[in-house]
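Engineer: Handing you this structure, nothing more for now.
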Amino acid sequence: MTKLLLGAAAALLLAAPALAADLPRPTAATPASAPEAVYNWTGFYVGGQLGGAFAGSDNIVGSDGRFLAGVQGGADFNFARNWVIGVEAQYSWLPSNSSASLLYPGGTLLTEDTSGLGSVTGRLGYSWGPALLYGKGGYAFRDSSLSASVAGVAQPITTSGNKRDGYTIGGGLEYLFAPNWSAKVEYQYYNFGNTTVSSGPAELVGTNIRNDEHTVKAGVNYRFGWGGPPVTRY
């Protein structure tokens with residue numbers, strides 16, 4: 001019996017290395033993928049902007065640039081993960097010295113004074129990460145007056161056509177750079193149609209004036225985060 005037990009023990013010792021080789025070896029754990037930040041644009045916002053306005057060559061103002069500063073406010077809704085739709089109201093002031101005049105050969109001076117540009121637009125954008133590329137368009141209005149004078153004496157005139165209400169289109173890029181804060185740069189075109197002088201000094205009658213503006217603005221918004229802050233998705 002003792003010889004039988006010793007023989008069995010020896011056989012087990014000899015078979016152990018082979019059995020160990022057949023056992024499954026531990027493998028390194030697969031690293032977890034990095035979490036993905038999902039940014040939420042839903043909510044209300046208010047902000048301010050600075051920039052410049054440039055009228056076309058057919059305008060009384062000409063193509064010289066003028067400084068502008070303004071405010072904006074709106075609301076966005078984030079849908080289908082990467083798409084954002086919204087509405088925005090905006091107003092920009094132009095400096096008091098931004099009026100322009102056109103002197104006619106007979107001595108009549110035609111002056112246009114535009115003190116502000118405003119708009120109410122819809123926005124549609126595509127977001128990736130903290131960036132939002134968007135287009136916008138809608139109703140535009142401006143504070144503007146047209147007057148005439150001869151040798152410094154005001155002359156009554158009447159006009160037809162449009163000069164205060166119109167449309168605007170544009171687009172821009174907005175970036176969330178901190179919780180509740182975003183910065184943007186955008187181009188916006190305003191068109192207020194044409195104005196024709198119907199009566200007044202003889203050399204003005206029939207004058208047709210184009211009313212449009214090209215603007216470039218940089219702004220900052222504070223976002224109230226109605227939809228919550230950016231979340232992390234795994």
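How things are named: the first chain in the structure tokens is A, the next is B, and so on; residues count from 1 in each chain; ligands count from 1 in the order shown.
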Any chance you could tabulate, as a Markdown table, the residues of stretch 162-198 of chain A at most 12 Å from stretch 139-153 of chain A with each one's nearest atom pair and distance in Å to one decimal, using only C-alpha atoms, in chain and rising number order?
Structural biologist:
| residue | atom | partner | partner_atom | distance |
| --- | --- | --- | --- | --- |
| A:Asn162 | CA | A:Phe141 | CA | 10.7 |
| A:Lys163 | CA | A:Ser144 | CA | 7.5 |
| A:Arg164 | CA | A:Arg142 | CA | 5.2 |
| A:Asp165 | CA | A:Phe141 | CA | 4.6 |
| A:Gly166 | CA | A:Ala140 | CA | 5.0 |
| A:Tyr167 | CA | A:Tyr139 | CA | 4.6 |
| A:Thr168 | CA | A:Ala140 | CA | 5.6 |
| A:Ile169 | CA | A:Tyr139 | CA | 8.9 |
| A:Gly170 | CA | A:Ala140 | CA | 11.8 |
| A:Gln188 | CA | A:Ala140 | CA | 10.6 |
| A:Tyr189 | CA | A:Ala140 | CA | 9.6 |
| A:Tyr190 | CA | A:Ala140 | CA | 6.7 |
| A:Asn191 | CA | A:Ala140 | CA | 7.7 |
| A:Phe192 | CA | A:Phe141 | CA | 7.7 |
| A:Gly193 | CA | A:Ala140 | CA | 11.2 |
| A:Thr195 | CA | A:Leu146 | CA | 9.6 |
| A:Thr196 | CA | A:Leu146 | CA | 10.7 |
| A:Val197 | CA | A:Leu146 | CA | 9.6 |
Engineer: I'd like the contact shell of A:Tyr104 - 12 Å cut-off, only C-alpha atoms, skipping same-chain residues fewer than 3 positions apart - returned as a PDB file with N, CA and C atoms, in the first residue's frame.
Structural biologist:
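Okay, this is what ended up in selection_25.pdb:
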ATOM      1  N   SER A 101     -23.095 112.885 -46.301  1.00  0.00           N
ATOM      2  CA  SER A 101     -23.783 113.850 -47.157  1.00  0.00           C
ATOM      3  C   SER A 101     -23.281 113.754 -48.587  1.00  0.00           C
ATOM      4  N   GLY A 107     -25.642 123.100 -55.348  1.00  0.00           N
ATOM      5  CA  GLY A 107     -25.452 123.525 -53.964  1.00  0.00           C
ATOM      6  C   GLY A 107     -26.368 122.834 -52.965  1.00  0.00           C
ATOM      7  N   THR A 108     -27.192 121.884 -53.410  1.00  0.00           N
ATOM      8  CA  THR A 108     -28.076 121.164 -52.490  1.00  0.00           C
ATOM      9  C   THR A 108     -27.298 120.035 -51.805  1.00  0.00           C
ATOM     10  N   LEU A 109     -27.450 119.956 -50.510  1.00  0.00           N
ATOM     11  CA  LEU A 109     -26.766 118.935 -49.730  1.00  0.00           C
ATOM     12  C   LEU A 109     -27.789 117.914 -49.235  1.00  0.00           C
ATOM     13  N   LEU A 110     -27.612 116.668 -49.621  1.00  0.00           N
ATOM     14  CA  LEU A 110     -28.487 115.579 -49.195  1.00  0.00           C
ATOM     15  C   LEU A 110     -27.766 114.777 -48.112  1.00  0.00           C
ATOM     16  N   THR A 111     -28.390 114.660 -46.949  1.00  0.00           N
ATOM     17  CA  THR A 111     -27.731 114.036 -45.795  1.00  0.00           C
ATOM     18  C   THR A 111     -28.534 112.843 -45.290  1.00  0.00           C
ATOM     19  N   ALA A 148     -32.437 117.432 -46.547  1.00  0.00           N
ATOM     20  CA  ALA A 148     -31.776 118.252 -47.572  1.00  0.00           C
ATOM     21  C   ALA A 148     -31.631 119.681 -47.069  1.00  0.00           C
ATOM     22  N   SER A 149     -30.599 120.368 -47.560  1.00  0.00           N
ATOM     23  CA  SER A 149     -30.387 121.777 -47.193  1.00  0.00           C
ATOM     24  C   SER A 149     -29.680 122.488 -48.338  1.00  0.00           C
ATOM     25  N   VAL A 150     -29.872 123.780 -48.383  1.00  0.00           N
ATOM     26  CA  VAL A 150     -29.182 124.638 -49.350  1.00  0.00           C
ATOM     27  C   VAL A 150     -28.578 125.788 -48.562  1.00  0.00           C
ATOM     28  N   ALA A 151     -27.263 125.931 -48.640  1.00  0.00           N
ATOM     29  CA  ALA A 151     -26.547 126.985 -47.910  1.00  0.00           C
ATOM     30  C   ALA A 151     -26.883 126.954 -46.417  1.00  0.00           C
ATOM     31  N   PRO A 201     -35.902 120.201 -53.696  1.00  0.00           N
ATOM     32  CA  PRO A 201     -35.076 120.920 -54.673  1.00  0.00           C
ATOM     33  C   PRO A 201     -35.009 120.157 -55.992  1.00  0.00           C
ATOM     34  N   ALA A 202     -35.096 120.892 -57.092  1.00  0.00           N
ATOM     35  CA  ALA A 202     -35.223 120.278 -58.416  1.00  0.00           C
ATOM     36  C   ALA A 202     -34.136 119.254 -58.711  1.00  0.00           C
ATOM     37  N   GLU A 203     -32.896 119.548 -58.315  1.00  0.00           N
ATOM     38  CA  GLU A 203     -31.823 118.621 -58.666  1.00  0.00           C
ATOM     39  C   GLU A 203     -31.853 117.331 -57.851  1.00  0.00           C
ATOM     40  N   LEU A 204     -32.681 117.272 -56.800  1.00  0.00           N
ATOM     41  CA  LEU A 204     -32.801 116.048 -56.015  1.00  0.00           C
ATOM     42  C   LEU A 204     -33.899 115.126 -56.515  1.00  0.00           C
ATOM     43  N   VAL A 205     -34.942 115.723 -57.143  1.00  0.00           N
ATOM     44  CA  VAL A 205     -36.111 114.940 -57.535  1.00  0.00           C
ATOM     45  C   VAL A 205     -35.702 113.817 -58.484  1.00  0.00           C
ATOM     46  N   THR A 207     -33.818 111.288 -57.521  1.00  0.00           N
ATOM     47  CA  THR A 207     -32.624 110.622 -56.990  1.00  0.00           C
ATOM     48  C   THR A 207     -33.009 109.316 -56.301  1.00  0.00           C
TER      49      THR A 207
END
Engineer: Skip A:Val71 itself and residues of its chain fewer than 2 positions away, then list as a list in words all residues within 10 Å of it, counting only C-alpha atoms.
Structural biologist: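 With the cut-off at 10 Å, the set is Val46, Gly47, Gly48, Gln49, Leu50, Ala69, Gly73, Ala89, Gln90, Tyr91, Ser92, Trp93, Gly118, Gly219, Val220 and Asn221 of chain A.
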Engineer: To one decimal place, how far is atom CA of A:Gly74 from atom CA of A:Thr42 in Å?
Structural biologist: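 The value is 10.7 Å.
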Engineer: Determine the nearest neighbour of A:Gly52 from the options A:Gln155, A:Ser199, A:Thr215, A:Gln72, counting only C-alpha atoms.
Structural biologist: A:Thr215
Engineer: Given only C-alpha atoms as the basis, pick out the residue of A:Gly70, A:Phe224, A:Pro95, A:Asn194 nearest to A:Pro179.
Structural biologist: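 Ranking A:Gly70, A:Phe224, A:Pro95, A:Asn194 by distance to A:Pro179, first place goes to A:Phe224.
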Engineer: Can you tell me, as a list in words, what residues are no more than 12 Å from A:Asp76 when counting only C-alpha atoms, ignoring any on the same chain fewer than 2 positions away?
Structural biologist: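 Counting only C-alpha atoms, the residues come to Asn40, Trp41, Thr42, Gly43, Phe44, Tyr45, Val46, Gly73, Gly74, Asn78, Phe79, Trp83, Val84, Ile85, Gly86, Val87, Glu88, Gly122, Arg123, Leu124, Gly125, Tyr126, Leu132, Tyr134, Arg223, Phe224, Gly225, Trp226 and Gly227 of chain A.
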Engineer: Write down as JSON, numbers by chain the residues of stretch 15-169 of chain A whose backbone DSSP state falls under strand (DSSP E).
Structural biologist: {"A": [36, 37, 38, 43, 44, 45, 46, 47, 48, 49, 50, 51, 52, 53, 54, 55, 65, 66, 67, 68, 69, 70, 71, 72, 73, 74, 75, 76, 77, 78, 79, 83, 84, 85, 86, 87, 88, 89, 90, 91, 92, 93, 100, 101, 102, 103, 108, 109, 110, 111, 112, 113, 114, 115, 116, 117, 118, 119, 120, 121, 122, 123, 124, 125, 126, 127, 128, 131, 132, 133, 134, 135, 136, 137, 138, 139, 140, 141, 142, 143, 144, 145, 146, 147, 148, 149, 150, 153, 154, 155, 158, 159, 160, 161, 165, 166, 167, 168, 169]}
Engineer: Those same residues, written as a CSV table (one decimal), in the first residue's frame with C-alpha atoms?
Structural biologist:
chain,number,residue,atom,x,y,z
A,36,GLU,CA,-17.3,62.0,-24.5
A,37,ALA,CA,-18.5,65.5,-23.5
A,38,VAL,CA,-21.9,66.3,-24.9
A,43,GLY,CA,-31.5,77.9,-23.0
A,44,PHE,CA,-31.7,81.6,-22.9
A,45,TYR,CA,-28.8,84.1,-23.4
A,46,VAL,CA,-27.9,87.8,-23.4
A,47,GLY,CA,-24.7,89.5,-24.5
A,48,GLY,CA,-23.0,92.3,-26.3
A,49,GLN,CA,-21.0,92.8,-29.5
A,50,LEU,CA,-18.6,95.2,-31.2
A,51,GLY,CA,-17.8,95.5,-34.9
A,52,GLY,CA,-18.0,97.5,-38.0
A,53,ALA,CA,-20.5,98.5,-40.7
A,54,PHE,CA,-19.7,99.0,-44.4
A,55,ALA,CA,-22.2,100.4,-46.8
A,65,GLY,CA,-16.2,101.6,-42.3
A,66,ARG,CA,-18.0,102.8,-39.2
A,67,PHE,CA,-17.7,101.5,-35.7
A,68,LEU,CA,-20.7,99.8,-34.1
A,69,ALA,CA,-21.6,98.4,-30.6
A,70,GLY,CA,-24.7,96.6,-29.5
A,71,VAL,CA,-26.5,94.0,-27.5
A,72,GLN,CA,-28.3,90.8,-28.3
A,73,GLY,CA,-30.5,88.2,-26.6
A,74,GLY,CA,-32.2,85.0,-27.6
A,75,ALA,CA,-33.0,81.4,-27.0
A,76,ASP,CA,-31.7,78.1,-28.5
A,77,PHE,CA,-33.0,74.6,-28.5
A,78,ASN,CA,-30.6,71.6,-29.0
A,79,PHE,CA,-32.3,68.8,-31.0
A,83,TRP,CA,-28.5,70.5,-34.3
A,84,VAL,CA,-29.5,73.8,-32.7
A,85,ILE,CA,-32.5,76.0,-33.6
A,86,GLY,CA,-33.2,79.4,-32.1
A,87,VAL,CA,-34.4,83.0,-32.3
A,88,GLU,CA,-32.3,86.1,-31.6
A,89,ALA,CA,-33.0,89.9,-31.3
A,90,GLN,CA,-30.1,92.3,-31.8
A,91,TYR,CA,-29.5,96.0,-31.9
A,92,SER,CA,-26.4,97.9,-32.8
A,93,TRP,CA,-25.6,101.6,-32.3
A,100,ALA,CA,-22.9,111.2,-44.6
A,101,SER,CA,-23.8,113.8,-47.2
A,102,LEU,CA,-23.8,114.2,-50.9
A,103,LEU,CA,-23.3,117.7,-52.4
A,108,THR,CA,-28.1,121.2,-52.5
A,109,LEU,CA,-26.8,118.9,-49.7
A,110,LEU,CA,-28.5,115.6,-49.2
A,111,THR,CA,-27.7,114.0,-45.8
A,112,GLU,CA,-28.5,110.6,-44.5
A,113,ASP,CA,-28.1,109.9,-40.7
A,114,THR,CA,-28.3,106.3,-39.5
A,115,SER,CA,-28.0,105.8,-35.8
A,116,GLY,CA,-28.8,102.2,-35.3
A,117,LEU,CA,-29.4,98.8,-36.9
A,118,GLY,CA,-31.7,96.1,-35.5
A,119,SER,CA,-32.9,92.6,-36.3
A,120,VAL,CA,-35.1,89.7,-35.2
A,121,THR,CA,-33.9,86.5,-36.8
A,122,GLY,CA,-34.1,82.8,-36.7
A,123,ARG,CA,-31.0,80.7,-36.3
A,124,LEU,CA,-30.1,77.2,-37.4
A,125,GLY,CA,-26.8,75.7,-36.5
A,126,TYR,CA,-24.7,72.5,-36.4
A,127,SER,CA,-22.6,71.8,-33.3
A,128,TRP,CA,-19.5,69.7,-32.8
A,131,ALA,CA,-18.4,74.9,-31.4
A,132,LEU,CA,-21.6,75.9,-33.3
A,133,LEU,CA,-21.6,76.9,-36.9
A,134,TYR,CA,-24.9,78.7,-37.8
A,135,GLY,CA,-26.8,80.7,-40.3
A,136,LYS,CA,-29.5,83.3,-39.6
A,137,GLY,CA,-32.1,85.4,-41.3
A,138,GLY,CA,-35.2,87.5,-40.7
A,139,TYR,CA,-36.6,91.0,-40.2
A,140,ALA,CA,-34.3,94.1,-40.0
A,141,PHE,CA,-35.0,97.7,-39.1
A,142,ARG,CA,-32.9,100.8,-38.7
A,143,ASP,CA,-33.1,104.3,-37.2
A,144,SER,CA,-32.4,106.5,-40.2
A,145,SER,CA,-33.4,109.9,-41.6
A,146,LEU,CA,-32.9,111.7,-44.9
A,147,SER,CA,-32.7,115.5,-45.1
A,148,ALA,CA,-31.8,118.3,-47.6
A,149,SER,CA,-30.4,121.8,-47.2
A,150,VAL,CA,-29.2,124.6,-49.3
A,153,VAL,CA,-31.1,126.2,-44.7
A,154,ALA,CA,-33.2,123.0,-44.4
A,155,GLN,CA,-35.3,122.2,-47.5
A,158,THR,CA,-40.7,113.8,-49.6
A,159,THR,CA,-39.6,110.3,-50.5
A,160,SER,CA,-41.1,107.1,-51.8
A,161,GLY,CA,-39.9,103.5,-51.4
A,165,ASP,CA,-37.7,98.2,-42.8
A,166,GLY,CA,-36.1,95.3,-44.6
A,167,TYR,CA,-34.5,91.9,-44.3
A,168,THR,CA,-31.2,90.5,-43.0
A,169,ILE,CA,-29.2,87.3,-43.6
Engineer: Nearest to A:Phe177 among A:Val61, A:Ser96, A:Gly129, A:Gly56, with distances taken over only C-alpha atoms: which residue is it?
Structural biologist: A:Gly129
Engineer: Rounded to one decimal, what separation in Å do you get between atom CA of A:Ser99 and atom CA of A:Lys217?
Structural biologist: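 Straight-line distance from atom CA of A:Ser99 to atom CA of A:Lys217 works out to 20.3 Å.
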